[in-house]
file target.cif (mmCIF, C-alpha atoms)
data_upload
loop_
_atom_site.group_PDB
_atom_site.id
_atom_site.type_symbol
_atom_site.label_atom_id
_atom_site.label_comp_id
_atom_site.auth_asym_id
_atom_site.auth_seq_id
_atom_site.Cartn_x
_atom_site.Cartn_y
_atom_site.Cartn_z
ATOM 1 C CA MET C 74 55.985 102.270 165.313
ATOM 2 C CA ALA C 75 58.051 105.198 164.034
ATOM 3 C CA GLU C 76 61.011 102.895 163.446
ATOM 4 C CA ILE C 77 58.827 100.425 161.542
ATOM 5 C CA GLY C 78 57.450 103.267 159.415
ATOM 6 C CA ALA C 79 60.968 104.496 158.628
ATOM 7 C CA GLN C 80 62.042 101.004 157.606
ATOM 8 C CA MET C 81 59.028 100.697 155.314
ATOM 9 C CA ILE C 82 59.908 104.016 153.668
ATOM 10 C CA LEU C 83 63.523 102.919 153.195
ATOM 11 C CA SER C 84 62.478 99.587 151.700
ATOM 12 C CA LEU C 85 59.881 101.166 149.406
ATOM 13 C CA THR C 86 62.205 103.880 148.116
ATOM 14 C CA THR C 87 64.945 101.284 147.563
ATOM 15 C CA TRP C 88 62.893 99.126 145.232
ATOM 16 C CA ILE C 89 61.202 102.002 143.390
ATOM 17 C CA ALA C 90 64.549 103.697 142.701
ATOM 18 C CA PHE C 91 66.050 100.349 141.691
ATOM 19 C CA ALA C 92 63.208 99.804 139.216
ATOM 20 C CA PHE C 93 63.712 103.222 137.620
ATOM 21 C CA TYR C 94 67.475 102.665 137.340
ATOM 22 C CA ALA C 95 66.829 99.271 135.733
ATOM 23 C CA LEU C 96 64.365 100.760 133.250
ATOM 24 C CA ALA C 97 66.857 103.488 132.316
ATOM 25 C CA VAL C 98 69.520 100.846 131.631
ATOM 26 C CA ALA C 99 67.041 98.771 129.631
ATOM 27 C CA VAL C 100 66.254 101.777 127.417
ATOM 28 C CA LEU C 101 69.958 102.429 126.813
ATOM 29 C CA LEU C 102 70.564 98.773 125.977
ATOM 30 C CA ALA C 103 67.662 98.844 123.536
ATOM 31 C CA ALA C 104 69.265 101.858 121.830
ATOM 32 C CA LEU C 105 72.661 100.130 121.798
ATOM 33 C CA ARG C 106 71.145 97.106 120.069
ATOM 34 C CA GLY C 107 69.367 99.281 117.536
ATOM 35 C CA ARG C 108 65.881 98.423 118.783
ATOM 36 C CA LEU C 109 65.086 101.989 119.805
ATOM 37 C CA ALA C 110 66.048 105.227 118.071
ATOM 38 C CA MET C 111 68.587 107.333 119.969
ATOM 39 C CA GLN C 112 66.341 110.397 119.608
ATOM 40 C CA ARG C 113 63.718 108.618 121.704
ATOM 41 C CA ALA C 114 66.028 106.620 123.953
ATOM 42 C CA GLU C 115 68.129 109.465 125.346
ATOM 43 C CA PRO C 116 65.339 111.651 126.802
ATOM 44 C CA LEU C 117 63.431 108.591 128.003
ATOM 45 C CA ALA C 118 66.485 107.151 129.797
ATOM 46 C CA LEU C 119 67.289 110.568 131.210
ATOM 47 C CA GLY C 120 63.781 110.974 132.612
ATOM 48 C CA LEU C 121 63.826 107.513 134.189
ATOM 49 C CA ALA C 122 67.278 108.105 135.678
ATOM 50 C CA ALA C 123 66.184 111.496 137.031
ATOM 51 C CA ALA C 124 63.235 109.837 138.779
ATOM 52 C CA ALA C 125 65.561 107.156 140.165
ATOM 53 C CA ALA C 126 68.039 109.755 141.444
ATOM 54 C CA LEU C 127 65.235 111.774 143.054
ATOM 55 C CA ILE C 128 63.892 108.746 144.928
ATOM 56 C CA HIS C 129 67.414 107.554 145.763
ATOM 57 C CA GLY C 130 68.092 110.991 147.248
ATOM 58 C CA ALA C 131 64.959 110.747 149.391
ATOM 59 C CA HIS C 132 66.112 107.324 150.557
ATOM 60 C CA LEU C 133 69.509 108.720 151.564
ATOM 61 C CA TRP C 134 67.850 111.524 153.513
ATOM 62 C CA PHE C 135 66.158 108.965 155.761
ATOM 63 C CA ALA C 136 69.109 106.541 155.838
ATOM 64 C CA LEU C 137 71.992 108.928 156.524
ATOM 65 C CA TRP C 138 70.497 111.529 158.848
ATOM 66 C CA THR C 139 70.829 110.763 162.560
ATOM 67 C CA PRO C 140 70.648 112.963 165.691
ATOM 68 C CA ALA C 141 74.441 112.605 166.015
ATOM 69 C CA GLY C 142 75.138 113.677 162.447
ATOM 70 C CA ILE C 143 75.388 112.102 158.994
ATOM 71 C CA ASP C 144 75.995 108.337 159.061
ATOM 72 C CA LEU C 145 78.700 107.536 156.507
ATOM 73 C CA SER C 146 79.272 103.912 157.377
ATOM 74 C CA LEU C 147 80.556 101.680 154.558
ATOM 75 C CA PHE C 148 77.377 100.816 152.641
ATOM 76 C CA ASN C 149 75.813 104.220 153.211
ATOM 77 C CA ALA C 150 78.960 105.807 151.762
ATOM 78 C CA VAL C 151 78.818 103.522 148.710
ATOM 79 C CA SER C 152 75.144 104.377 148.201
ATOM 80 C CA LEU C 153 75.896 108.096 148.529
ATOM 81 C CA LEU C 154 78.666 107.793 145.943
ATOM 82 C CA GLY C 155 76.380 105.957 143.528
ATOM 83 C CA TRP C 156 73.659 108.573 143.970
ATOM 84 C CA LEU C 157 76.042 111.484 143.408
ATOM 85 C CA MET C 158 77.420 109.867 140.257
ATOM 86 C CA ALA C 159 73.915 109.265 138.909
ATOM 87 C CA LEU C 160 72.763 112.770 139.841
ATOM 88 C CA MET C 161 75.807 114.424 138.252
ATOM 89 C CA LEU C 162 75.332 112.358 135.115
ATOM 90 C CA VAL C 163 71.652 113.288 134.833
ATOM 91 C CA VAL C 164 72.437 117.000 135.211
ATOM 92 C CA ALA C 165 75.420 116.937 132.834
ATOM 93 C CA ALA C 166 73.666 114.804 130.199
ATOM 94 C CA VAL C 167 71.119 117.564 129.620
ATOM 95 C CA ARG C 168 73.816 119.548 127.775
ATOM 96 C CA GLN C 169 76.597 117.056 126.983
ATOM 97 C CA PRO C 170 76.611 113.686 125.157
ATOM 98 C CA LEU C 171 77.080 111.618 128.300
ATOM 99 C CA HIS C 172 74.048 109.318 128.073
ATOM 100 C CA SER C 173 76.199 106.273 127.338
ATOM 101 C CA LEU C 174 77.775 106.567 130.801
ATOM 102 C CA GLY C 175 74.455 105.392 132.180
ATOM 103 C CA LEU C 176 75.356 101.856 131.129
ATOM 104 C CA VAL C 177 77.992 101.869 133.876
ATOM 105 C CA VAL C 178 76.737 104.456 136.375
ATOM 106 C CA TYR C 179 73.068 103.471 136.732
ATOM 107 C CA PRO C 180 73.760 99.777 137.487
ATOM 108 C CA PHE C 181 76.391 100.827 140.040
ATOM 109 C CA ALA C 182 73.981 103.241 141.738
ATOM 110 C CA ALA C 183 71.243 100.585 141.809
ATOM 111 C CA LEU C 184 73.568 97.937 143.236
ATOM 112 C CA ALA C 185 74.919 100.357 145.851
ATOM 113 C CA LEU C 186 71.374 101.180 146.930
ATOM 114 C CA ILE C 187 70.442 97.505 147.264
ATOM 115 C CA LEU C 188 73.586 96.710 149.259
ATOM 116 C CA ALA C 189 72.967 99.594 151.659
ATOM 117 C CA GLN C 190 69.412 98.451 152.285
ATOM 118 C CA ALA C 191 70.154 94.736 152.499
ATOM 119 C CA LEU C 192 73.370 94.790 154.550
ATOM 120 C CA GLY C 193 72.602 97.765 156.754
ATOM 121 C CA VAL C 194 75.094 99.618 158.920
ATOM 122 C CA PRO C 195 78.054 97.486 160.097
ATOM 123 C CA THR C 196 79.469 100.200 162.385
ATOM 124 C CA ALA C 197 78.018 103.696 162.660
ATOM 125 C CA THR C 198 80.444 106.347 161.392
ATOM 126 C CA THR C 199 78.865 109.742 161.942
ATOM 127 C CA VAL C 200 80.072 113.140 160.758
ATOM 128 C CA PRO C 201 78.748 116.014 162.937
ATOM 129 C CA VAL C 202 76.806 118.574 160.928
ATOM 130 C CA GLY C 203 78.339 122.040 161.030
ATOM 131 C CA ALA C 204 81.852 120.896 161.907
ATOM 132 C CA SER C 205 84.795 122.212 159.866
ATOM 133 C CA VAL C 206 85.618 118.645 158.845
ATOM 134 C CA ASP C 207 82.405 118.716 156.779
ATOM 135 C CA ILE C 208 84.314 120.644 154.113
ATOM 136 C CA HIS C 209 86.761 117.763 153.787
ATOM 137 C CA VAL C 210 84.010 115.154 153.719
ATOM 138 C CA ILE C 211 81.875 116.976 151.138
ATOM 139 C CA THR C 212 84.739 117.765 148.771
ATOM 140 C CA SER C 213 86.049 114.199 149.102
ATOM 141 C CA VAL C 214 82.707 112.652 148.165
ATOM 142 C CA VAL C 215 82.240 115.057 145.231
ATOM 143 C CA ALA C 216 85.783 114.340 144.011
ATOM 144 C CA TYR C 217 85.167 110.591 144.232
ATOM 145 C CA ALA C 218 81.918 110.957 142.298
ATOM 146 C CA ILE C 219 83.485 112.995 139.480
ATOM 147 C CA LEU C 220 86.489 110.702 139.208
ATOM 148 C CA GLY C 221 84.104 107.737 139.358
ATOM 149 C CA LEU C 222 82.369 109.171 136.288
ATOM 150 C CA ALA C 223 85.783 109.581 134.670
ATOM 151 C CA SER C 224 86.507 105.902 135.354
ATOM 152 C CA ALA C 225 83.178 104.910 133.825
ATOM 153 C CA GLN C 226 84.055 107.047 130.807
ATOM 154 C CA ALA C 227 87.452 105.315 130.620
ATOM 155 C CA LEU C 228 85.755 101.896 130.587
ATOM 156 C CA LEU C 229 83.461 102.956 127.740
ATOM 157 C CA LEU C 230 86.417 104.442 125.879
ATOM 158 C CA ALA C 231 88.301 101.144 126.255
ATOM 159 C CA TRP C 232 85.257 99.295 124.933
ATOM 160 C CA GLN C 233 84.963 101.677 121.984
ATOM 161 C CA GLU C 234 88.678 101.475 121.156
ATOM 162 C CA GLY C 235 88.657 97.693 121.370
ATOM 163 C CA ALA C 236 85.638 97.439 119.072
ATOM 164 C CA LEU C 237 87.236 99.753 116.522
ATOM 165 C CA ARG C 238 90.542 97.856 116.612
ATOM 166 C CA ARG C 239 88.727 94.572 115.995
ATOM 167 C CA ARG C 240 86.639 96.257 113.302
ATOM 168 C CA ARG C 241 83.517 94.896 114.978
ATOM 169 C CA ALA C 242 82.035 98.155 116.103
ATOM 170 C CA GLY C 243 78.457 97.289 115.122
ATOM 171 C CA PRO C 244 75.841 99.573 116.722
ATOM 172 C CA ILE C 245 78.400 101.004 119.165
ATOM 173 C CA LEU C 246 79.429 103.621 116.594
ATOM 174 C CA GLY C 247 75.943 105.063 116.582
ATOM 175 C CA PHE C 248 75.549 104.843 120.338
ATOM 176 C CA LEU C 249 78.777 106.455 121.561
ATOM 177 C CA PRO C 250 80.150 109.878 120.606
ATOM 178 C CA PRO C 251 83.197 109.921 118.272
ATOM 179 C CA LEU C 252 86.468 108.691 119.792
ATOM 180 C CA GLN C 253 87.977 112.178 119.949
ATOM 181 C CA GLY C 254 84.909 113.496 121.763
ATOM 182 C CA MET C 255 85.034 110.579 124.218
ATOM 183 C CA GLU C 256 88.654 111.395 125.057
ATOM 184 C CA ALA C 257 87.876 115.094 125.467
ATOM 185 C CA LEU C 258 85.053 114.258 127.895
ATOM 186 C CA LEU C 259 87.364 111.932 129.815
ATOM 187 C CA PHE C 260 89.942 114.644 130.402
ATOM 188 C CA GLN C 261 87.268 117.199 131.319
ATOM 189 C CA LEU C 262 86.058 114.843 134.042
ATOM 190 C CA VAL C 263 89.581 114.027 135.214
ATOM 191 C CA ALA C 264 90.537 117.712 135.418
ATOM 192 C CA SER C 265 87.369 118.606 137.359
ATOM 193 C CA GLY C 266 87.793 115.681 139.719
ATOM 194 C CA PHE C 267 91.466 116.489 140.237
ATOM 195 C CA VAL C 268 90.609 120.024 141.351
ATOM 196 C CA MET C 269 88.047 118.738 143.856
ATOM 197 C CA LEU C 270 90.431 116.051 145.078
ATOM 198 C CA SER C 271 93.104 118.715 145.645
ATOM 199 C CA VAL C 272 90.645 120.755 147.700
ATOM 200 C CA ALA C 273 89.681 117.631 149.663
ATOM 201 C CA LEU C 274 93.302 116.797 150.504
ATOM 202 C CA ILE C 275 94.116 120.391 151.476
ATOM 203 C CA SER C 276 91.015 120.607 153.687
ATOM 204 C CA GLY C 277 92.021 117.296 155.253
ATOM 205 C CA TRP C 278 95.377 118.759 156.230
ATOM 206 C CA LEU C 279 93.619 121.798 157.694
ATOM 207 C CA PHE C 280 90.627 120.278 159.473
ATOM 208 C CA VAL C 281 91.277 116.590 160.219
ATOM 209 C CA ASP C 282 93.057 115.932 163.508
ATOM 210 C CA ASN C 283 95.957 113.466 163.464
ATOM 211 C CA LEU C 284 95.839 112.913 159.698
ATOM 212 C CA PHE C 285 98.796 110.548 160.012
ATOM 213 C CA ALA C 286 97.431 108.644 163.003
ATOM 214 C CA GLN C 287 97.574 104.852 162.810
ATOM 215 C CA ASP C 288 93.976 104.503 161.566
ATOM 216 C CA LEU C 289 94.412 107.199 158.888
ATOM 217 C CA VAL C 290 98.004 107.011 157.673
ATOM 218 C CA HIS C 291 97.387 104.328 155.043
ATOM 219 C CA LYS C 292 94.311 106.176 153.778
ATOM 220 C CA THR C 293 96.252 109.453 153.562
ATOM 221 C CA VAL C 294 99.267 107.962 151.797
ATOM 222 C CA ILE C 295 97.220 106.005 149.241
ATOM 223 C CA SER C 296 94.977 109.014 148.555
ATOM 224 C CA MET C 297 98.033 111.173 147.927
ATOM 225 C CA THR C 298 99.397 108.493 145.605
ATOM 226 C CA GLY C 299 96.103 108.566 143.679
ATOM 227 C CA TRP C 300 96.386 112.362 143.495
ATOM 228 C CA LEU C 301 99.892 111.987 142.014
ATOM 229 C CA VAL C 302 98.583 109.543 139.405
ATOM 230 C CA PHE C 303 95.927 111.990 138.223
ATOM 231 C CA ALA C 304 98.435 114.849 138.315
ATOM 232 C CA GLY C 305 100.814 112.773 136.193
ATOM 233 C CA LEU C 306 98.029 112.005 133.726
ATOM 234 C CA LEU C 307 97.135 115.672 133.278
ATOM 235 C CA VAL C 308 100.794 116.672 132.903
ATOM 236 C CA GLY C 309 101.344 113.861 130.410
ATOM 237 C CA ARG C 310 98.307 114.975 128.441
ATOM 238 C CA SER C 311 99.532 118.579 128.388
ATOM 239 C CA LEU C 312 103.209 117.954 127.604
ATOM 240 C CA ALA C 313 103.226 114.665 125.695
ATOM 241 C CA GLY C 314 99.691 114.463 124.313
ATOM 242 C CA TRP C 315 98.815 111.269 126.178
ATOM 243 C CA ARG C 316 95.607 109.664 124.989
ATOM 244 C CA GLY C 317 93.961 106.318 124.265
ATOM 245 C CA ARG C 318 95.096 103.334 126.283
ATOM 246 C CA THR C 319 97.569 105.360 128.339
ATOM 247 C CA ALA C 320 94.841 107.739 129.493
ATOM 248 C CA ILE C 321 92.499 104.829 130.214
ATOM 249 C CA ARG C 322 95.053 102.961 132.330
ATOM 250 C CA TRP C 323 96.111 106.010 134.348
ATOM 251 C CA THR C 324 92.491 106.990 135.011
ATOM 252 C CA LEU C 325 91.517 103.525 136.210
ATOM 253 C CA TRP C 326 94.648 103.124 138.344
ATOM 254 C CA GLY C 327 94.100 106.536 139.930
ATOM 255 C CA PHE C 328 90.496 105.787 140.851
ATOM 256 C CA ALA C 329 91.424 102.287 142.058
ATOM 257 C CA LEU C 330 93.896 103.847 144.486
ATOM 258 C CA LEU C 331 91.268 106.263 145.801
ATOM 259 C CA ALA C 332 88.752 103.429 146.176
ATOM 260 C CA VAL C 333 91.273 101.357 148.137
ATOM 261 C CA ALA C 334 92.169 104.379 150.290
ATOM 262 C CA TYR C 335 88.595 105.176 151.301
ATOM 263 C CA PHE C 336 86.492 102.051 150.935
ATOM 264 C CA GLY C 337 89.338 99.636 151.609
ATOM 265 C CA SER C 338 90.019 101.309 154.942
ATOM 266 C CA LYS C 339 86.307 101.218 155.773
ATOM 267 C CA ILE C 340 86.112 97.500 154.982
ATOM 268 C CA VAL C 341 89.044 96.742 157.269
ATOM 269 C CA LEU C 342 87.962 99.018 160.122
ATOM 270 C CA GLU C 343 84.189 98.475 160.041
ATOM 271 C CA LEU C 344 83.721 94.898 158.818
ATOM 272 C CA ILE C 345 86.871 93.273 160.170
ATOM 273 C CA LEU C 346 87.813 95.311 163.251
ATOM 274 C CA GLY C 347 84.334 96.590 164.092
ATOM 275 C CA LYS C 348 85.508 100.190 164.513
ATOM 276 C CA ALA C 349 84.133 103.455 163.132
ATOM 277 C CA ALA C 350 86.034 104.662 160.064
#

call {"tool": "encode", "arguments": {"input": "target.cif", "output": "structure tokens"}}
result
Amino acid sequence: MAEIGAQMILSLTTWIAFAFYALAVAVLLAALRGRLAMQRAEPLALGLAAAAALIHGAHLWFALWTPAGIDLSLFNAVSLLGWLMALMLVVAAVRQPLHSLGLVVYPFAALALILAQALGVPTATTVPVGASVDIHVITSVVAYAILGLASAQALLLAWQEGALRRRRAGPILGFLPPLQGMEALLFQLVASGFVMLSVALISGWLFVDNLFAQDLVHKTVISMTGWLVFAGLLVGRSLAGWRGRTAIRWTLWGFALLAVAYFGSKIVLELILGKAA
């Protein structure tokens, strides 16, 4: 009976959070198309997204917590990443012009939530609560979330640049911040994510046993390569004034490497080999 009740809670929170995410996206799309004034759309979308993130967080509490620790199997990890990105966006958008990121982040969070509920846990991968490795896990997830937001910002920046180059900007000019502001926000996110990623890699060296073991070596090497990409981007920005398409490409390549390192390894180990990752 308790298990049935837990499943009902998980299912209910999934669909309620999904509905709020969808409504938030619908409001933003209405503003993008000029059907709703930005002054009304932004607080409304923010309120809906906050409700979605709150319910999504409650869902994760029931889905991830186990007597053995926190279950970070593949789809749970994707759902956690989507929630953190949405939560960070909601908090940051109160003071910064980041509402447009919801067009990318909220659908991702909603899809991640649905996948976690529908596909379940392929292979349990638990992290013991209170262990020193928790520092590595927490900083890694936060770094991924911030750099995920940076990648979403890069996609919007590419869209904005493309529209301006084609001189078919339409309502996008009124929906997105100016190009210079978009680039500044991108590099703020990249710099913040880079710091957290550095902490995550250092803590991995300190607290993860056998970091270069057979199951972890590819993940470690690819993650370090992603770190080098973001380091190169920040150096290029500082010394050569990199911007525009160069910044977009380096941001997306860096995050793609991190996604392959973490989620790619989980796909291979959990879905193909049936092992905990």

call {"tool": "residues_around", "arguments": {"input": "target.cif", "residues": "range 216-224 of chain C", "least_positions_apart": "4", "cutoff": "10 Å", "atoms": "only C-alpha atoms", "output": "ChimeraX atom specification"}}
result
/C:153-162,171,174-175,177-178,210-212,228-230,258-273,303,321-329,331-332,335

call {"tool": "closest_residue", "arguments": {"input": "target.cif", "among": "C:His129, C:Arg106, C:Arg318, C:Arg238", "to": "Leu83 in chain C", "atoms": "all atoms listed in the file"}}
result
C:His129

call {"tool": "atom_distance", "arguments": {"input": "target.cif", "atom1": "CA of Gly317 in chain C", "atom2": "CA of Ala165 in chain C"}}
result
23.0 Å

call {"tool": "atom_distance", "arguments": {"input": "target.cif", "atom1": "CA of Ala183 in chain C", "atom2": "CA of Leu330 in chain C"}}
result
23.0 Å

call {"tool": "axis_aligned_box", "arguments": {"input": "target.cif", "around": "range 79-98 of chain C", "padding_each_side": "4 Å", "output": "JSON"}}
result
{"center_x": 64.3, "center_y": 101.8, "center_z": 145.1, "size_x": 18.5, "size_y": 13.4, "size_z": 35.0}

call {"tool": "closest_residue", "arguments": {"input": "target.cif", "among": "C:Leu137, C:Met297, C:Val302, C:Leu121", "to": "Gly277 in chain C", "atoms": "only C-alpha atoms"}}
result
C:Met297
